[in-house]
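*Asks:* My structure is stored as coords_10.cif, with mmCIF, C-alpha atoms.
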```
data_data
#
loop_
_atom_site.group_PDB
_atom_site.id
_atom_site.type_symbol
_atom_site.label_atom_id
_atom_site.label_comp_id
_atom_site.auth_asym_id
_atom_site.auth_seq_id
_atom_site.Cartn_x
_atom_site.Cartn_y
_atom_site.Cartn_z
ATOM 1 C CA MET A 1 87.529 107.371 108.319
ATOM 2 C CA ILE A 2 89.499 104.237 109.002
ATOM 3 C CA ASN A 3 92.930 104.680 110.481
ATOM 4 C CA SER A 4 95.913 102.625 109.224
ATOM 5 C CA LEU A 5 94.490 99.128 109.011
ATOM 6 C CA PHE A 6 96.548 97.418 106.383
ATOM 7 C CA GLY A 7 100.155 96.890 105.465
ATOM 8 C CA HIS A 8 101.752 94.772 102.778
ATOM 9 C CA SER A 9 104.217 92.688 104.738
ATOM 10 C CA SER A 10 105.789 91.064 101.669
ATOM 11 C CA GLY A 11 105.856 94.226 99.550
ATOM 12 C CA ALA A 12 103.495 92.600 97.032
ATOM 13 C CA GLU A 13 101.302 94.969 95.058
ATOM 14 C CA TYR A 14 98.541 92.411 94.624
ATOM 15 C CA LEU A 15 97.761 88.816 95.530
ATOM 16 C CA GLU A 16 99.590 86.891 92.830
ATOM 17 C CA THR A 17 98.368 83.399 93.794
ATOM 18 C CA LYS A 18 94.784 82.597 94.679
ATOM 19 C CA PRO A 19 94.554 81.125 98.210
ATOM 20 C CA ALA A 20 93.065 77.640 98.500
ATOM 21 C CA PHE A 21 90.351 78.920 100.860
ATOM 22 C CA LEU A 22 88.853 81.177 98.170
ATOM 23 C CA ARG A 23 86.138 79.523 96.113
ATOM 24 C CA THR A 24 85.760 81.086 92.672
ATOM 25 C CA CYS A 25 82.215 81.588 91.372
ATOM 26 C CA GLN A 26 80.695 82.244 87.943
ATOM 27 C CA ARG A 27 78.216 85.086 87.512
ATOM 28 C CA LYS A 28 76.670 83.338 84.495
ATOM 29 C CA SER A 29 75.465 80.622 86.881
ATOM 30 C CA PRO A 30 71.810 80.745 87.979
ATOM 31 C CA ASP A 31 71.240 82.779 91.141
ATOM 32 C CA GLU A 32 70.430 79.623 93.123
ATOM 33 C CA VAL A 33 73.978 78.443 92.328
ATOM 34 C CA PHE A 34 75.838 81.749 92.329
ATOM 35 C CA VAL A 35 74.474 83.222 95.573
ATOM 36 C CA PRO A 36 75.526 80.284 97.831
ATOM 37 C CA CYS A 37 78.939 80.224 96.141
ATOM 38 C CA SER A 38 79.474 83.972 96.527
ATOM 39 C CA THR A 39 78.240 83.869 100.128
ATOM 40 C CA GLU A 40 80.736 81.115 100.955
ATOM 41 C CA THR A 41 83.560 83.052 99.273
ATOM 42 C CA ILE A 42 82.947 86.287 101.192
ATOM 43 C CA GLN A 43 82.525 84.360 104.459
ATOM 44 C CA SER A 44 85.879 82.670 103.899
ATOM 45 C CA LEU A 45 87.464 86.089 103.410
ATOM 46 C CA PHE A 46 86.118 87.237 106.797
ATOM 47 C CA GLN A 47 87.328 84.053 108.455
ATOM 48 C CA ASN A 48 90.861 84.501 107.154
ATOM 49 C CA LEU A 49 91.228 88.257 107.580
ATOM 50 C CA SER A 50 92.329 88.075 111.215
ATOM 51 C CA THR A 51 95.278 85.809 110.394
ATOM 52 C CA GLY A 52 96.017 87.398 107.031
ATOM 53 C CA PHE A 53 97.297 85.742 103.882
ATOM 54 C CA ASP A 54 100.325 86.011 101.668
ATOM 55 C CA GLY A 55 101.260 89.626 101.033
ATOM 56 C CA LEU A 56 98.473 91.233 103.050
ATOM 57 C CA ASP A 57 98.934 91.961 106.728
ATOM 58 C CA ILE A 58 95.432 92.734 107.913
ATOM 59 C CA LYS A 59 93.641 93.220 111.196
ATOM 60 C CA ILE A 60 89.900 93.831 111.325
ATOM 61 C CA ASP A 61 89.370 93.322 115.030
ATOM 62 C CA PRO A 62 89.813 95.834 116.499
ATOM 63 C CA ILE A 63 89.598 98.614 113.900
ATOM 64 C CA LYS A 64 90.668 102.149 114.737
ATOM 65 C CA LEU A 65 88.560 105.086 113.562
ATOM 66 C CA ARG A 66 89.227 108.766 113.246
ATOM 67 C CA GLU A 67 86.643 111.338 114.310
ATOM 68 C CA ILE A 68 82.995 110.889 113.333
ATOM 69 C CA LYS A 69 80.546 113.785 113.688
ATOM 70 C CA ILE A 70 76.783 113.251 113.538
ATOM 71 C CA PHE A 71 73.824 115.586 113.962
ATOM 72 C CA SER A 72 70.391 113.989 114.168
ATOM 73 C CA SER A 73 67.062 115.733 114.629
ATOM 74 C CA ASP A 74 63.921 113.619 114.376
ATOM 75 C CA GLY A 75 60.883 113.941 116.644
ATOM 76 C CA PRO A 76 61.964 113.407 120.242
ATOM 77 C CA VAL A 77 65.654 113.284 119.276
ATOM 78 C CA SER A 78 67.960 116.235 118.747
ATOM 79 C CA LEU A 79 71.560 115.225 119.187
ATOM 80 C CA ASN A 80 74.913 116.670 118.163
ATOM 81 C CA THR A 81 77.527 113.955 118.659
ATOM 82 C CA SER A 82 81.182 113.392 117.880
ATOM 83 C CA LEU A 83 83.301 110.308 118.497
ATOM 84 C CA SER A 84 87.091 110.531 118.352
ATOM 85 C CA ASN A 85 89.912 108.025 118.877
ATOM 86 C CA GLY A 86 87.304 105.359 118.222
ATOM 87 C CA VAL A 87 87.815 101.614 118.222
ATOM 88 C CA VAL A 88 85.395 99.067 116.737
ATOM 89 C CA LYS A 89 85.387 95.466 117.971
ATOM 90 C CA GLY A 90 83.401 92.410 116.926
ATOM 91 C CA LEU A 91 83.776 92.345 113.133
ATOM 92 C CA SER A 92 85.701 89.071 113.172
ATOM 93 C CA ASN A 93 82.485 87.334 114.249
ATOM 94 C CA SER A 94 80.574 88.547 111.181
ATOM 95 C CA ILE A 95 78.302 86.006 109.507
ATOM 96 C CA VAL A 96 77.694 86.491 105.786
ATOM 97 C CA VAL A 97 74.056 85.531 105.243
ATOM 98 C CA ARG A 98 73.870 86.394 101.537
ATOM 99 C CA SER A 99 76.180 87.863 98.905
ATOM 100 C CA TYR A 100 74.801 88.838 95.497
ATOM 101 C CA ILE A 101 76.413 90.549 92.504
ATOM 102 C CA ASN A 102 74.271 92.345 89.960
ATOM 103 C CA PRO A 103 75.106 90.811 86.541
ATOM 104 C CA VAL A 104 74.511 94.162 84.772
ATOM 105 C CA ASP A 105 76.644 96.685 86.681
ATOM 106 C CA TYR A 106 78.446 94.316 89.107
ATOM 107 C CA SER A 107 77.285 96.200 92.179
ATOM 108 C CA TRP A 108 77.172 94.163 95.401
ATOM 109 C CA ASP A 109 74.292 93.426 97.746
ATOM 110 C CA SER A 110 75.161 91.658 100.971
ATOM 111 C CA ASN A 111 73.404 90.683 104.170
ATOM 112 C CA ILE A 112 75.696 90.368 107.180
ATOM 113 C CA ARG A 113 74.906 89.489 110.779
ATOM 114 C CA ILE A 114 77.135 90.635 113.645
ATOM 115 C CA PRO A 115 76.232 89.187 117.067
ATOM 116 C CA LYS A 116 77.738 92.119 118.963
ATOM 117 C CA LEU A 117 79.557 95.234 117.806
ATOM 118 C CA ARG A 118 81.327 97.485 120.290
ATOM 119 C CA LEU A 119 82.301 101.113 119.668
ATOM 120 C CA GLU A 120 84.645 102.718 122.169
ATOM 121 C CA GLY A 121 86.122 106.193 122.146
ATOM 122 C CA ASN A 122 85.953 109.774 123.343
ATOM 123 C CA TYR A 123 82.564 111.387 122.881
ATOM 124 C CA GLU A 124 81.228 114.916 122.971
ATOM 125 C CA MET A 125 77.468 115.310 123.030
ATOM 126 C CA GLY A 126 74.770 117.902 123.402
ATOM 127 C CA GLY A 127 71.024 117.664 122.849
ATOM 128 C CA ARG A 128 68.116 115.574 124.037
ATOM 129 C CA ILE A 129 66.624 112.087 123.772
ATOM 130 C CA LEU A 130 62.987 111.534 124.781
ATOM 131 C CA LEU A 131 62.941 115.056 126.258
ATOM 132 C CA LEU A 132 65.912 114.058 128.423
ATOM 133 C CA PRO A 133 68.702 116.656 128.121
ATOM 134 C CA LEU A 134 72.148 115.222 127.478
ATOM 135 C CA GLN A 135 75.379 117.109 127.905
ATOM 136 C CA GLY A 136 78.843 115.703 128.379
ATOM 137 C CA ARG A 137 82.233 114.751 127.061
ATOM 138 C CA GLY A 138 84.465 111.867 128.036
ATOM 139 C CA LYS A 139 84.880 108.129 127.496
ATOM 140 C CA CYS A 140 82.048 106.016 126.147
ATOM 141 C CA TRP A 141 81.160 102.620 124.777
ATOM 142 C CA ILE A 142 78.158 101.606 122.697
ATOM 143 C CA GLU A 143 77.178 97.984 122.051
ATOM 144 C CA PRO A 144 74.504 97.261 119.417
ATOM 145 C CA GLN A 145 73.553 93.587 119.586
ATOM 146 C CA ASN A 146 72.468 91.141 116.875
ATOM 147 C CA LEU A 147 72.970 93.534 114.007
ATOM 148 C CA ASP A 148 71.353 92.450 110.744
ATOM 149 C CA ILE A 149 72.980 94.639 108.101
ATOM 150 C CA LYS A 150 71.968 95.140 104.473
ATOM 151 C CA ILE A 151 74.709 96.600 102.296
ATOM 152 C CA HIS A 152 74.439 97.914 98.744
ATOM 153 C CA ALA A 153 77.812 98.816 97.267
ATOM 154 C CA ASP A 154 78.324 100.461 93.885
ATOM 155 C CA ALA A 155 81.457 99.088 92.276
ATOM 156 C CA LYS A 156 83.677 99.850 89.317
ATOM 157 C CA VAL A 157 85.859 97.244 87.647
ATOM 158 C CA TYR A 158 89.335 98.344 86.577
ATOM 159 C CA GLU A 159 92.489 96.702 85.249
ATOM 160 C CA LYS A 160 96.046 96.693 86.569
ATOM 161 C CA PHE A 161 98.962 94.260 86.415
ATOM 162 C CA GLY A 162 97.045 92.237 83.847
ATOM 163 C CA HIS A 163 94.212 91.501 86.321
ATOM 164 C CA LEU A 164 90.787 92.934 87.017
ATOM 165 C CA PHE A 165 89.956 94.508 90.384
ATOM 166 C CA TYR A 166 86.920 95.976 92.108
ATOM 167 C CA ASN A 167 86.693 99.500 93.470
ATOM 168 C CA ILE A 168 83.785 100.334 95.794
ATOM 169 C CA THR A 169 82.670 103.882 94.978
ATOM 170 C CA LYS A 170 79.668 104.175 97.287
ATOM 171 C CA ALA A 171 78.057 102.110 100.028
ATOM 172 C CA GLN A 172 74.559 102.368 101.423
ATOM 173 C CA ILE A 173 73.546 100.409 104.480
ATOM 174 C CA ASP A 174 70.515 99.773 106.609
ATOM 175 C CA PHE A 175 70.262 97.606 109.679
ATOM 176 C CA THR A 176 68.175 96.410 112.572
ATOM 177 C CA MET A 177 69.299 95.391 116.037
ATOM 178 C CA SER A 178 67.750 93.418 118.867
ATOM 179 C CA GLY A 179 69.421 95.266 121.721
ATOM 180 C CA LEU A 180 71.640 98.181 122.689
ATOM 181 C CA ARG A 181 73.834 98.788 125.724
ATOM 182 C CA LEU A 182 75.892 101.898 126.366
ATOM 183 C CA GLN A 183 77.863 103.850 128.927
ATOM 184 C CA LEU A 184 78.561 107.591 128.726
ATOM 185 C CA ASP A 185 81.054 108.811 131.314
ATOM 186 C CA ASN A 186 81.245 112.357 132.657
ATOM 187 C CA LEU A 187 77.673 113.346 131.855
ATOM 188 C CA PHE A 188 76.570 116.662 133.373
ATOM 189 C CA ASN A 189 80.148 117.588 134.329
ATOM 190 C CA GLY A 190 80.645 114.358 136.214
ATOM 191 C CA ILE A 191 77.735 114.651 138.645
ATOM 192 C CA LYS A 192 77.703 110.957 139.541
ATOM 193 C CA LEU A 193 74.059 110.650 140.588
ATOM 194 C CA LEU A 194 72.814 112.238 137.368
ATOM 195 C CA GLU A 195 75.319 110.270 135.264
ATOM 196 C CA ASP A 196 74.298 106.902 136.731
ATOM 197 C CA SER A 197 70.566 107.563 136.543
ATOM 198 C CA THR A 198 70.813 108.827 132.959
ATOM 199 C CA ASN A 199 72.819 105.807 131.789
ATOM 200 C CA ALA A 200 70.321 103.506 133.504
ATOM 201 C CA PHE A 201 67.428 105.294 131.809
ATOM 202 C CA LEU A 202 69.106 105.084 128.372
ATOM 203 C CA ASN A 203 69.748 101.358 128.747
ATOM 204 C CA GLU A 204 66.230 100.626 130.002
ATOM 205 C CA ASN A 205 64.757 102.517 127.028
ATOM 206 C CA TRP A 206 67.153 101.129 124.438
ATOM 207 C CA ARG A 207 64.613 100.913 121.592
ATOM 208 C CA PRO A 208 63.944 104.652 121.183
ATOM 209 C CA VAL A 209 67.527 105.404 122.221
ATOM 210 C CA SER A 210 68.818 103.163 119.417
ATOM 211 C CA ASP A 211 67.123 105.480 116.913
ATOM 212 C CA ALA A 212 69.162 108.373 118.286
ATOM 213 C CA PHE A 213 72.445 106.494 117.897
ATOM 214 C CA LYS A 214 71.587 104.835 114.580
ATOM 215 C CA PRO A 215 73.208 107.611 112.457
ATOM 216 C CA LEU A 216 76.487 107.186 114.370
ATOM 217 C CA ILE A 217 76.441 103.395 113.992
ATOM 218 C CA LYS A 218 75.439 103.673 110.320
ATOM 219 C CA LYS A 219 78.247 106.126 109.500
ATOM 220 C CA THR A 220 80.750 103.867 111.271
ATOM 221 C CA ILE A 221 79.679 100.808 109.273
ATOM 222 C CA GLU A 222 79.648 102.727 105.967
ATOM 223 C CA ASP A 223 83.194 103.982 106.571
ATOM 224 C CA ILE A 224 84.334 100.454 107.388
ATOM 225 C CA VAL A 225 82.663 98.984 104.307
ATOM 226 C CA ILE A 226 84.195 101.485 101.884
ATOM 227 C CA GLU A 227 87.691 101.584 103.379
ATOM 228 C CA VAL A 228 88.126 97.959 104.437
ATOM 229 C CA ILE A 229 86.464 96.289 101.459
ATOM 230 C CA ASN A 230 88.401 98.486 99.038
ATOM 231 C CA LYS A 231 91.674 97.580 100.716
ATOM 232 C CA ILE A 232 90.833 93.926 100.131
ATOM 233 C CA PHE A 233 89.452 94.338 96.617
ATOM 234 C CA ASN A 234 92.395 96.481 95.502
ATOM 235 C CA PHE A 235 94.705 93.636 96.538
ATOM 236 C CA VAL A 236 92.718 90.524 95.582
ATOM 237 C CA PRO A 237 92.033 90.194 91.827
ATOM 238 C CA ALA A 238 88.320 90.128 91.056
ATOM 239 C CA GLU A 239 88.640 87.005 88.916
ATOM 240 C CA TYR A 240 89.680 85.074 92.043
ATOM 241 C CA LEU A 241 86.147 85.769 93.264
ATOM 242 C CA VAL A 242 84.201 85.741 89.978
ATOM 243 C CA SER A 243 85.936 84.000 87.082
ATOM 244 C CA ASP A 244 83.787 85.414 84.274
ATOM 245 C CA ILE A 245 83.800 89.068 85.297
ATOM 246 C CA PRO A 246 83.760 91.253 82.137
ATOM 247 C CA HIS A 247 86.601 93.534 81.140
ATOM 248 C CA PRO A 248 85.939 97.262 81.814
ATOM 249 C CA SER A 249 85.808 97.870 78.059
ATOM 250 C CA GLU A 250 82.809 95.528 77.925
ATOM 251 C CA LEU A 251 81.123 96.943 81.015
ATOM 252 C CA TYR A 252 81.687 100.634 80.316
ATOM 253 C CA LYS A 253 82.282 100.615 76.532
ATOM 254 C CA GLU A 254 85.760 101.973 77.020
ATOM 255 C CA SER A 255 89.054 100.741 78.387
ATOM 256 C CA LYS A 256 89.893 101.922 81.910
ATOM 257 C CA LYS A 257 93.387 100.740 82.671
ATOM 258 C CA ASP A 258 95.316 101.639 85.790
ATOM 259 C CA ASN A 259 98.964 100.843 85.352
#
```
In structure tokens, write the structure found in this file.

*Replies:*
Amino acid sequence: MINSLFGHSSGAEYLETKPAFLRTCQRKSPDEVFVPCSTETIQSLFQNLSTGFDGLDIKIDPIKLREIKIFSSDGPVSLNTSLSNGVVKGLSNSIVVRSYINPVDYSWDSNIRIPKLRLEGNYEMGGRILLLPLQGRGKCWIEPQNLDIKIHADAKVYEKFGHLFYNITKAQIDFTMSGLRLQLDNLFNGIKLLEDSTNAFLNENWRPVSDAFKPLIKKTIEDIVIEVINKIFNFVPAEYLVSDIPHPSELYKESKKDN
């Protein structure tokens, strides 16, 4: 879970005035018109998140995480891992490659590229990778490089304060990476020779090792997508992004107001 990322510095409950940097799109436009417009809009949001805008005090780099626990068992990998007091860096350099909204249910599909993501925190691990036993607890960092991320987000549209807003109910992601670097301190009870040789081996064999750490990276990104995007969408009216978004009564055949 994400830990205390946002605060409303002005006390505003929603963004009352659309910022000039936000380009508003129309879903009724052909995809060849809508997709570039939507992509530009979401990219502009990323570019302005670090400085914030009226009423929303936001910081996406770094992002603090609470504990994540992952168990993976697949072929040569059997790993029980937890990461606590985690910090994620690198999101401010995200590049939105494509942003698409389904005109039927208004779910989102996005492709995002992150040149380098860095996870830092306290780890606890037991298991094996490539028949190599791993046991330890301590500080760690993990750096997946050139992440190409595909995100599918189920969304519900709701009404409050006379505006429509998005709520992300579920996010599914998949991704590829072109490199992985990591450092696990205090492996094998701090036996330095074993720790150094194991870290060297893991970095030299990053491709199969990346499969072992993919569930941890995936869970981190999914948590960020749901928590961070919802914080934004619950503050920024949906019609600032898509002017012709239908009312919930049209989408779901019943009125869903949140006063």

*Asks:* Which residue out of A:Ile112, A:Glu120, A:Lys28, A:Phe161 has the minimum interatomic distance to A:Pro246 when all atoms listed in the file are used?

*Replies:* A:Lys28

*Asks:* Leaving out A:Arg207 and any residue of its chain fewer than 5 positions from it, which residues lie within 10 Å of it when counting all atoms listed in the file, given as a PyMOL selection string?

*Replies:* chain A and resi 177-180+202+212

*Asks:* Can you work out which one of A:Lys59, A:Arg181, A:Lys253, A:His247 has the shortest atom-to-atom distance to A:Val157, counting only C-alpha atoms?

*Replies:* A:His247

*Asks:* What is the distance, in Å and to one decimal place, between atom CA of A:Leu65 and atom CA of A:Glu227?

*Replies:*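 Answer for the atom CA of A:Leu65 to atom CA of A:Glu227 separation: 10.8 Å.
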
*Asks:* Applying 7 Å and all atoms listed in the file, which residues near A:Val97 remain after dropping the ones on its own chain fewer than 5 positions away? List them as a short mmCIF file (atom, residue, chain, number, x, y, z; two decimals) with C-alpha atoms, in the frame of the given file.

*Replies:*
```
data_model
loop_
_atom_site.label_atom_id
_atom_site.label_comp_id
_atom_site.auth_asym_id
_atom_site.auth_seq_id
_atom_site.Cartn_x
_atom_site.Cartn_y
_atom_site.Cartn_z
CA THR A 39 78.24 83.87 100.13
CA ASN A 111 73.40 90.68 104.17
CA ILE A 112 75.70 90.37 107.18
CA ARG A 113 74.91 89.49 110.78
#
```

*Asks:* As a PyMOL selection string, please: the residues near A:Asn122 (cut-off 9 Å, all atoms listed in the file, same-chain neighbours under 4 positions excluded).

*Replies:* chain A and resi 82-86+137-141

*Asks:* Given the file shown, determine the residues that the PyMOL selection byres ((chain A and resi 156) around 6) selects; report them as JSON, numbers by chain.

*Replies:* {"A": [155, 157, 166, 167]}

*Asks:* If we count all atoms listed in the file and set the cut-off at 8 Å, which residues sit around stretch 127-134 of chain A, ignoring sequence neighbours fewer than 4 positions away in its own chain? Please answer as a list in words.

*Replies:*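 Returned residues: Pro76, Val77, Ser78, Leu79, Asn80, Leu187, Phe188, Pro208, Val209 and Ala212 of chain A.
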
*Asks:* Give me the residues near A:Leu216 as an NGL selection string, where near means some atom within 10 Å (using only C-alpha atoms) and where sequence neighbours in that chain fewer than 6 positions away do not count.

*Replies:* :A and (68-72 or 81-83 or 119)

*Asks:* Which residue, A:Asn189, A:Ser73, A:Asn146, A:Ser243, has the smallest gap to A:Phe34 when you use only C-alpha atoms?

*Replies:* A:Ser243

*Asks:* Using all atoms listed in the file, which residue out of A:Glu124, A:Pro19, A:Glu32, A:Tyr158 lies closest to A:Phe233?

*Replies:*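 Between A:Glu124, A:Pro19, A:Glu32, A:Tyr158, the residue approaching A:Phe233 most closely is A:Tyr158.
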
*Asks:* Please write the residues picked by the PyMOL selection byres ((chain A and resi 143) around 6) on this file as a short mmCIF file (atom, residue, chain, number, x, y, z; two decimals) with C-alpha atoms, in the coordinates of the input.

*Replies:*
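And here is the file that came out, out.cif:
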```cif
data_model
loop_
_atom_site.label_atom_id
_atom_site.label_comp_id
_atom_site.auth_asym_id
_atom_site.auth_seq_id
_atom_site.Cartn_x
_atom_site.Cartn_y
_atom_site.Cartn_z
CA LEU A 117 79.56 95.23 117.81
CA ARG A 118 81.33 97.48 120.29
CA ILE A 142 78.16 101.61 122.70
CA PRO A 144 74.50 97.26 119.42
CA LEU A 180 71.64 98.18 122.69
CA ARG A 181 73.83 98.79 125.72
CA LEU A 182 75.89 101.90 126.37
#
```

*Asks:* Using atom CA of A:Ser38 and atom CA of A:Lys160 as the two end points, give the distance in Å to one decimal.

*Replies:*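 For atom CA of A:Ser38 relative to atom CA of A:Lys160, the distance reads 23.1 Å.
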
*Asks:* Care to translate the PyMOL selection byres ((chain A and resi 242) around 10) into actual residues of this file, as a ChimeraX atom specification?

*Replies:* /A:23-28,34,37-38,41,101,237-241,243-246

*Asks:* Choose the residue, out of A:Gly121, A:Thr169, A:Ser197, A:Asp185, that has the smallest atom-to-atom separation from A:Glu67; count only C-alpha atoms.

*Replies:*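 Closest to A:Glu67 of all the choices is A:Gly121.
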